[in-house]
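K.L.:
Input upload.cif, format and content: mmCIF, C-alpha atoms, pLDDT in the B column; chains and numbers go by the auth columns.
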data_input
#
loop_
_atom_site.group_PDB
_atom_site.id
_atom_site.type_symbol
_atom_site.label_atom_id
_atom_site.label_comp_id
_atom_site.label_asym_id
_atom_site.label_seq_id
_atom_site.Cartn_x
_atom_site.Cartn_y
_atom_site.Cartn_z
_atom_site.B_iso_or_equiv
_atom_site.auth_seq_id
_atom_site.auth_asym_id
ATOM 1 C CA MET A 1 -16.250 -3.073 11.645 64.00 1 A
ATOM 2 C CA TYR A 2 -12.528 -2.941 12.441 83.00 2 A
ATOM 3 C CA PRO A 3 -11.430 -2.749 8.742 91.00 3 A
ATOM 4 C CA LEU A 4 -13.384 0.495 8.358 94.00 4 A
ATOM 5 C CA ILE A 5 -11.741 1.910 11.496 95.00 5 A
ATOM 6 C CA LEU A 6 -8.328 0.991 10.111 95.00 6 A
ATOM 7 C CA GLN A 7 -9.198 2.694 6.828 96.00 7 A
ATOM 8 C CA PHE A 8 -10.107 5.885 8.677 97.00 8 A
ATOM 9 C CA ILE A 9 -6.801 5.721 10.541 97.00 9 A
ATOM 10 C CA GLY A 10 -4.924 5.323 7.251 97.00 10 A
ATOM 11 C CA LEU A 11 -6.858 8.215 5.717 98.00 11 A
ATOM 12 C CA ALA A 12 -6.179 10.441 8.737 98.00 12 A
ATOM 13 C CA ALA A 13 -2.452 9.672 8.540 98.00 13 A
ATOM 14 C CA THR A 14 -2.461 10.434 4.803 98.00 14 A
ATOM 15 C CA LEU A 15 -4.164 13.787 5.348 98.00 15 A
ATOM 16 C CA TRP A 16 -1.635 14.564 8.082 98.00 16 A
ATOM 17 C CA ILE A 17 1.267 13.730 5.755 98.00 17 A
ATOM 18 C CA ALA A 18 -0.291 15.797 2.947 98.00 18 A
ATOM 19 C CA TYR A 19 -0.665 18.732 5.351 98.00 19 A
ATOM 20 C CA LEU A 20 3.014 18.465 6.290 97.00 20 A
ATOM 21 C CA ALA A 21 4.151 18.034 2.673 98.00 21 A
ATOM 22 C CA GLN A 22 1.896 20.728 1.170 97.00 22 A
ATOM 23 C CA PRO A 23 1.560 19.033 -2.259 97.00 23 A
ATOM 24 C CA GLY A 24 2.302 21.458 -5.054 96.00 24 A
ATOM 25 C CA SER A 25 4.716 23.533 -2.992 97.00 25 A
ATOM 26 C CA SER A 26 7.642 21.644 -4.546 96.00 26 A
ATOM 27 C CA LEU A 27 8.332 18.613 -6.701 96.00 27 A
ATOM 28 C CA PHE A 28 9.329 16.597 -3.641 97.00 28 A
ATOM 29 C CA SER A 29 6.068 17.437 -1.862 97.00 29 A
ATOM 30 C CA TRP A 30 4.201 15.043 -4.144 98.00 30 A
ATOM 31 C CA HIS A 31 6.361 12.068 -3.153 98.00 31 A
ATOM 32 C CA PRO A 32 5.176 11.569 0.452 98.00 32 A
ATOM 33 C CA THR A 33 1.637 12.567 -0.486 98.00 33 A
ATOM 34 C CA LEU A 34 1.307 10.055 -3.327 98.00 34 A
ATOM 35 C CA MET A 35 3.055 7.262 -1.420 98.00 35 A
ATOM 36 C CA ALA A 36 0.794 7.725 1.610 98.00 36 A
ATOM 37 C CA LEU A 37 -2.273 7.784 -0.643 98.00 37 A
ATOM 38 C CA SER A 38 -1.111 4.599 -2.352 98.00 38 A
ATOM 39 C CA PHE A 39 -0.146 2.492 0.661 97.00 39 A
ATOM 40 C CA LEU A 40 -2.272 3.891 3.497 97.00 40 A
ATOM 41 C CA VAL A 41 -5.545 4.474 1.629 98.00 41 A
ATOM 42 C CA LEU A 42 -5.843 2.776 -1.762 97.00 42 A
ATOM 43 C CA MET A 43 -4.053 -0.505 -1.139 95.00 43 A
ATOM 44 C CA PRO A 44 -5.806 -1.192 2.193 95.00 44 A
ATOM 45 C CA ASN A 45 -9.126 -0.427 0.503 96.00 45 A
ATOM 46 C CA GLY A 46 -8.361 -3.035 -2.142 94.00 46 A
ATOM 47 C CA ILE A 47 -7.295 -5.614 0.431 92.00 47 A
ATOM 48 C CA PHE A 48 -10.202 -5.012 2.810 93.00 48 A
ATOM 49 C CA ALA A 49 -12.655 -5.293 -0.086 93.00 49 A
ATOM 50 C CA TYR A 50 -12.594 -9.044 0.586 88.00 50 A
ATOM 51 C CA SER A 51 -13.049 -8.730 4.347 88.00 51 A
ATOM 52 C CA ARG A 52 -16.267 -10.255 5.670 87.00 52 A
ATOM 53 C CA ALA A 53 -15.992 -7.958 8.683 88.00 53 A
ATOM 54 C CA HIS A 54 -16.217 -4.806 6.545 92.00 54 A
ATOM 55 C CA PRO A 55 -19.596 -3.081 7.110 92.00 55 A
ATOM 56 C CA PHE A 56 -19.837 -1.978 3.458 93.00 56 A
ATOM 57 C CA TYR A 57 -17.961 -4.597 1.458 93.00 57 A
ATOM 58 C CA GLY A 58 -18.767 -7.648 3.559 90.00 58 A
ATOM 59 C CA TYR A 59 -22.210 -8.151 2.019 90.00 59 A
ATOM 60 C CA MET A 60 -21.327 -7.340 -1.577 94.00 60 A
ATOM 61 C CA PRO A 61 -21.260 -10.017 -4.301 95.00 61 A
ATOM 62 C CA ARG A 62 -17.846 -11.400 -5.236 89.00 62 A
ATOM 63 C CA THR A 63 -17.820 -9.615 -8.583 93.00 63 A
ATOM 64 C CA ARG A 64 -18.314 -6.214 -6.910 95.00 64 A
ATOM 65 C CA LYS A 65 -15.546 -6.954 -4.419 94.00 65 A
ATOM 66 C CA SER A 66 -13.221 -7.897 -7.268 92.00 66 A
ATOM 67 C CA LEU A 67 -14.005 -4.638 -9.052 94.00 67 A
ATOM 68 C CA ILE A 68 -13.252 -2.576 -5.925 96.00 68 A
ATOM 69 C CA HIS A 69 -10.051 -4.545 -5.380 94.00 69 A
ATOM 70 C CA ASN A 70 -8.864 -4.133 -8.964 93.00 70 A
ATOM 71 C CA VAL A 71 -9.625 -0.416 -9.212 96.00 71 A
ATOM 72 C CA SER A 72 -8.103 0.354 -5.804 97.00 72 A
ATOM 73 C CA GLN A 73 -4.949 -1.649 -6.452 94.00 73 A
ATOM 74 C CA GLY A 74 -4.564 -0.223 -9.946 94.00 74 A
ATOM 75 C CA ALA A 75 -4.823 3.320 -8.578 97.00 75 A
ATOM 76 C CA ALA A 76 -2.358 2.419 -5.809 97.00 76 A
ATOM 77 C CA VAL A 77 0.202 1.230 -8.373 96.00 77 A
ATOM 78 C CA VAL A 78 -0.181 4.424 -10.422 97.00 78 A
ATOM 79 C CA CYS A 79 0.278 6.634 -7.331 98.00 79 A
ATOM 80 C CA ALA A 80 3.285 4.650 -6.095 97.00 80 A
ATOM 81 C CA LEU A 81 5.091 4.628 -9.443 97.00 81 A
ATOM 82 C CA LEU A 82 4.347 8.316 -9.975 98.00 82 A
ATOM 83 C CA GLY A 83 5.618 9.099 -6.470 97.00 83 A
ATOM 84 C CA LEU A 84 8.802 7.127 -7.208 97.00 84 A
ATOM 85 C CA ALA A 85 9.307 8.859 -10.575 97.00 85 A
ATOM 86 C CA LEU A 86 8.862 12.317 -9.041 97.00 86 A
ATOM 87 C CA MET A 87 11.355 11.493 -6.295 97.00 87 A
ATOM 88 C CA ILE A 88 13.936 10.376 -8.873 96.00 88 A
ATOM 89 C CA THR A 89 13.318 13.535 -10.918 97.00 89 A
ATOM 90 C CA ASN A 90 13.645 15.712 -7.826 96.00 90 A
ATOM 91 C CA LYS A 91 16.997 14.128 -6.937 95.00 91 A
ATOM 92 C CA ASP A 92 18.217 14.539 -10.518 95.00 92 A
ATOM 93 C CA GLN A 93 17.345 18.227 -10.459 95.00 93 A
ATOM 94 C CA ASN A 94 19.194 18.673 -7.174 94.00 94 A
ATOM 95 C CA GLY A 95 22.189 16.588 -8.171 94.00 95 A
ATOM 96 C CA ALA A 96 21.591 14.098 -5.360 94.00 96 A
ATOM 97 C CA SER A 97 22.416 10.393 -5.388 93.00 97 A
ATOM 98 C CA HIS A 98 19.651 7.812 -5.699 92.00 98 A
ATOM 99 C CA PHE A 99 18.700 5.063 -3.233 94.00 99 A
ATOM 100 C CA THR A 100 21.476 5.725 -0.724 93.00 100 A
ATOM 101 C CA THR A 101 19.315 5.171 2.378 94.00 101 A
ATOM 102 C CA ARG A 102 17.457 2.138 3.684 95.00 102 A
ATOM 103 C CA HIS A 103 14.203 4.011 3.130 96.00 103 A
ATOM 104 C CA GLY A 104 15.092 4.592 -0.519 96.00 104 A
ATOM 105 C CA LEU A 105 16.251 1.027 -1.117 96.00 105 A
ATOM 106 C CA PHE A 106 13.206 -0.494 0.564 96.00 106 A
ATOM 107 C CA GLY A 107 10.987 1.877 -1.410 96.00 107 A
ATOM 108 C CA LEU A 108 12.525 0.797 -4.698 95.00 108 A
ATOM 109 C CA ILE A 109 12.210 -2.907 -3.814 95.00 109 A
ATOM 110 C CA THR A 110 8.595 -2.328 -2.758 95.00 110 A
ATOM 111 C CA CYS A 111 7.687 -0.654 -6.058 95.00 111 A
ATOM 112 C CA VAL A 112 9.366 -3.387 -8.103 93.00 112 A
ATOM 113 C CA CYS A 113 7.570 -6.125 -6.136 92.00 113 A
ATOM 114 C CA MET A 114 4.325 -4.165 -6.356 93.00 114 A
ATOM 115 C CA ALA A 115 4.575 -4.064 -10.143 90.00 115 A
ATOM 116 C CA GLY A 116 5.189 -7.821 -10.165 87.00 116 A
ATOM 117 C CA ALA A 117 2.250 -8.480 -7.857 89.00 117 A
ATOM 118 C CA SER A 118 0.040 -6.347 -10.103 89.00 118 A
ATOM 119 C CA MET A 119 1.028 -8.415 -13.115 87.00 119 A
ATOM 120 C CA GLY A 120 0.164 -11.514 -11.101 83.00 120 A
ATOM 121 C CA GLY A 121 -3.192 -9.977 -10.238 86.00 121 A
ATOM 122 C CA PHE A 122 -3.857 -9.241 -13.901 85.00 122 A
ATOM 123 C CA PHE A 123 -3.194 -12.853 -14.861 82.00 123 A
ATOM 124 C CA ALA A 124 -5.143 -14.157 -11.864 80.00 124 A
ATOM 125 C CA TYR A 125 -8.146 -12.106 -13.017 79.00 125 A
ATOM 126 C CA ASN A 126 -7.644 -13.045 -16.681 80.00 126 A
ATOM 127 C CA ASN A 127 -6.711 -16.651 -15.949 76.00 127 A
ATOM 128 C CA LYS A 128 -7.570 -17.841 -19.448 77.00 128 A
ATOM 129 C CA LEU A 129 -4.277 -16.313 -20.585 72.00 129 A
ATOM 130 C CA VAL A 130 -2.163 -18.541 -18.337 74.00 130 A
ATOM 131 C CA LYS A 131 -4.314 -21.551 -17.416 74.00 131 A
ATOM 132 C CA ALA A 132 -2.361 -23.702 -19.869 74.00 132 A
ATOM 133 C CA PHE A 133 0.759 -23.107 -17.765 77.00 133 A
ATOM 134 C CA ILE A 134 -0.551 -22.669 -14.227 80.00 134 A
ATOM 135 C CA LYS A 135 -3.822 -23.420 -12.465 79.00 135 A
ATOM 136 C CA PRO A 136 -6.033 -20.370 -11.749 74.00 136 A
ATOM 137 C CA ALA A 137 -6.183 -21.235 -8.022 73.00 137 A
ATOM 138 C CA ALA A 138 -2.377 -21.376 -7.857 74.00 138 A
ATOM 139 C CA MET A 139 -2.106 -18.046 -9.684 77.00 139 A
ATOM 140 C CA LYS A 140 -4.450 -16.423 -7.161 76.00 140 A
ATOM 141 C CA SER A 141 -2.448 -17.854 -4.255 75.00 141 A
ATOM 142 C CA ILE A 142 0.798 -16.519 -5.706 75.00 142 A
ATOM 143 C CA HIS A 143 -0.765 -13.101 -6.239 79.00 143 A
ATOM 144 C CA ALA A 144 -2.144 -13.032 -2.678 76.00 144 A
ATOM 145 C CA PHE A 145 1.274 -13.989 -1.272 73.00 145 A
ATOM 146 C CA PHE A 146 3.215 -11.343 -3.182 75.00 146 A
ATOM 147 C CA GLY A 147 0.566 -8.668 -2.702 76.00 147 A
ATOM 148 C CA GLY A 148 -0.315 -9.091 0.945 76.00 148 A
ATOM 149 C CA SER A 149 2.498 -11.115 2.480 80.00 149 A
ATOM 150 C CA LEU A 150 5.417 -9.434 0.701 87.00 150 A
ATOM 151 C CA VAL A 151 4.556 -6.087 -0.888 91.00 151 A
ATOM 152 C CA TYR A 152 2.422 -4.640 1.893 92.00 152 A
ATOM 153 C CA PRO A 153 4.826 -5.484 4.768 93.00 153 A
ATOM 154 C CA LEU A 154 7.658 -4.010 2.678 94.00 154 A
ATOM 155 C CA ALA A 155 5.615 -0.869 2.073 96.00 155 A
ATOM 156 C CA MET A 156 4.786 -0.500 5.760 96.00 156 A
ATOM 157 C CA ALA A 157 8.432 -0.984 6.739 97.00 157 A
ATOM 158 C CA THR A 158 9.398 1.685 4.192 97.00 158 A
ATOM 159 C CA ILE A 159 6.894 4.149 5.658 97.00 159 A
ATOM 160 C CA VAL A 160 8.177 3.471 9.177 97.00 160 A
ATOM 161 C CA MET A 161 11.702 4.250 7.927 97.00 161 A
ATOM 162 C CA ALA A 162 10.376 7.460 6.370 96.00 162 A
ATOM 163 C CA THR A 163 9.451 8.727 9.842 96.00 163 A
ATOM 164 C CA TYR A 164 13.204 8.941 10.526 95.00 164 A
ATOM 165 C CA SER A 165 13.956 10.846 7.307 95.00 165 A
ATOM 166 C CA ASN A 166 15.567 14.284 7.395 94.00 166 A
ATOM 167 C CA TRP A 167 12.462 15.814 5.836 96.00 167 A
ATOM 168 C CA LEU A 168 10.010 14.514 8.419 97.00 168 A
ATOM 169 C CA VAL A 169 12.327 15.285 11.332 96.00 169 A
ATOM 170 C CA ALA A 170 12.506 18.869 10.017 96.00 170 A
ATOM 171 C CA VAL A 171 8.761 19.389 9.537 96.00 171 A
ATOM 172 C CA LEU A 172 7.703 17.311 12.565 96.00 172 A
ATOM 173 C CA PRO A 173 10.389 17.805 15.235 95.00 173 A
ATOM 174 C CA ALA A 174 8.315 16.351 18.093 96.00 174 A
ATOM 175 C CA ALA A 175 9.471 12.741 18.424 96.00 175 A
ATOM 176 C CA TYR A 176 6.202 11.501 19.940 96.00 176 A
ATOM 177 C CA MET A 177 4.314 12.744 16.875 96.00 177 A
ATOM 178 C CA ARG A 178 6.636 10.865 14.541 97.00 178 A
ATOM 179 C CA TYR A 179 6.234 7.739 16.681 96.00 179 A
ATOM 180 C CA SER A 180 2.459 8.157 16.463 96.00 180 A
ATOM 181 C CA LEU A 181 2.722 8.376 12.691 97.00 181 A
ATOM 182 C CA ALA A 182 5.018 5.340 12.572 97.00 182 A
ATOM 183 C CA ALA A 183 2.457 3.312 14.535 97.00 183 A
ATOM 184 C CA VAL A 184 -0.084 3.600 11.698 97.00 184 A
ATOM 185 C CA PRO A 185 1.758 1.415 9.138 97.00 185 A
ATOM 186 C CA VAL A 186 2.618 -1.076 11.890 96.00 186 A
ATOM 187 C CA VAL A 187 -1.046 -1.492 12.827 96.00 187 A
ATOM 188 C CA LEU A 188 -2.155 -1.679 9.193 95.00 188 A
ATOM 189 C CA GLY A 189 0.562 -4.172 8.307 92.00 189 A
ATOM 190 C CA VAL A 190 -0.299 -6.510 11.168 92.00 190 A
ATOM 191 C CA SER A 191 -4.030 -6.249 10.435 90.00 191 A
ATOM 192 C CA VAL A 192 -3.570 -7.090 6.762 87.00 192 A
ATOM 193 C CA TYR A 193 -1.359 -10.056 7.652 84.00 193 A
ATOM 194 C CA VAL A 194 -3.993 -11.365 10.079 83.00 194 A
ATOM 195 C CA GLN A 195 -6.743 -11.022 7.480 80.00 195 A
ATOM 196 C CA LEU A 196 -4.729 -12.856 4.829 77.00 196 A
ATOM 197 C CA THR A 197 -3.884 -15.611 7.294 76.00 197 A
ATOM 198 C CA GLN A 198 -7.546 -16.053 8.192 75.00 198 A
ATOM 199 C CA ARG A 199 -8.526 -16.180 4.512 73.00 199 A
ATOM 200 C CA ALA A 200 -5.853 -18.801 3.822 67.00 200 A
ATOM 201 C CA GLU A 201 -7.041 -20.921 6.749 67.00 201 A
ATOM 202 C CA ALA A 202 -10.645 -20.623 5.551 67.00 202 A
ATOM 203 C CA ARG A 203 -9.661 -21.878 2.090 64.00 203 A
ATOM 204 C CA SER A 204 -7.781 -24.860 3.484 62.00 204 A
ATOM 205 C CA ALA A 205 -10.522 -25.788 5.967 58.00 205 A
#
Now, as a test, write the supplied structure out as structure tokens.
P.N.:
Amino acid sequence: MYPLILQFIGLAATLWIAYLAQPGSSLFSWHPTLMALSFLVLMPNGIFAYSRAHPFYGYMPRTRKSLIHNVSQGAAVVCALLGLALMITNKDQNGASHFTTRHGLFGLITCVCMAGASMGGFFAYNNKLVKAFIKPAAMKSIHAFFGGSLVYPLAMATIVMATYSNWLVAVLPAAYMRYSLAAVPVVLGVSVYVQLTQRAEARSA
């Protein structure tokens, strides 16, 4: 049951961020909205698709779980890359420098690693393309490591850093509210790590 609760928390945080950003009010407004949608809603949905504790996904056949995972992660990649592209365009239009903050640098690294993890997921799903070079089980393990153990923690750290950005401080001046928002990616990141650890232990048992 707890994965569903975590998904609701991620969705609530995303709606809160969208309310603060008012998507469509400016080019920048789409950046926090799309990034929150990608990393707090879509990516967790793809990861929790394999959770046995999920009240909806836990009893589905493996093929259905894989479909949910693939669609969710694919949509997450599209939203993240679009959010990154819009942020770069916005800075270009305003004559601002790119990736000068830790939030910006971590965000760029996250998107690059996310693209790599997605390619790994594609080859893990279509293992016939690479089985001559690497075993399918090894490909899946590599994809799981980069996706859950590297990309998602990076994404959550980036979102925590975003709560200290000039934009969020301006639209959400109450510090306790920003701390509450920052707690969401921390909880999601830890929960995803625990789930991946449990899955790895189950495979090795």
K.L.:
Rounded to one decimal, what separation in Å do you get between CA of Gly120 in chain A and CA of Ala182 in chain A?
P.N.:
29.5 Å
K.L.:
Could you check which of A:Gly148, A:Pro136, A:Gly95, A:Pro185 is closest to Thr163 in chain A, using only C-alpha atoms?
P.N.:
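Distance minimum relative to Thr163 in chain A lands on A:Pro185.
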K.L.:
Which one is closest to Ala13 in chain A: A:Thr33, A:Asn127, A:Ser118, A:Ser141? Count only C-alpha atoms.
P.N.:
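For Ala13 in chain A, the nearest of the candidates is A:Thr33.
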K.L.:
Between CA of Ala155 in chain A and CA of Gly121 in chain A, what is the spacing in Å?
P.N.:
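Between these atoms lies a distance of 17.7 Å.
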K.L.:
Need the axis-aligned box for range 151-154 of chain A with 4 Å each side, so what are the centre and edges in Å to one decimal, as lines of an AutoDock Vina configuration file?
P.N.:
center_x = 5.0
center_y = -5.0
center_z = 1.9
size_x = 13.2
size_y = 10.1
size_z = 13.7
K.L.:
Can you work out which one of A:Phe122, A:Phe145, A:Tyr164, A:Phe133 has the shortest atom-to-atom distance to Thr197 in chain A, counting all atoms listed in the file?
P.N.:
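Nearest candidate to Thr197 in chain A out of A:Phe122, A:Phe145, A:Tyr164, A:Phe133: A:Phe145.
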K.L.:
Which residue gives the smallest distance to Val184 in chain A among A:Cys113, A:Val78, A:Leu11, A:Leu154, with all atoms listed in the file counted?
P.N.:
A:Leu11
K.L.:
Which value, in Å to one decimal, gives the distance between CA of Ser29 in chain A and CA of Trp16 in chain A?
P.N.:
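Interatomic distance, CA of Ser29 in chain A to CA of Trp16 in chain A: 12.9 Å.
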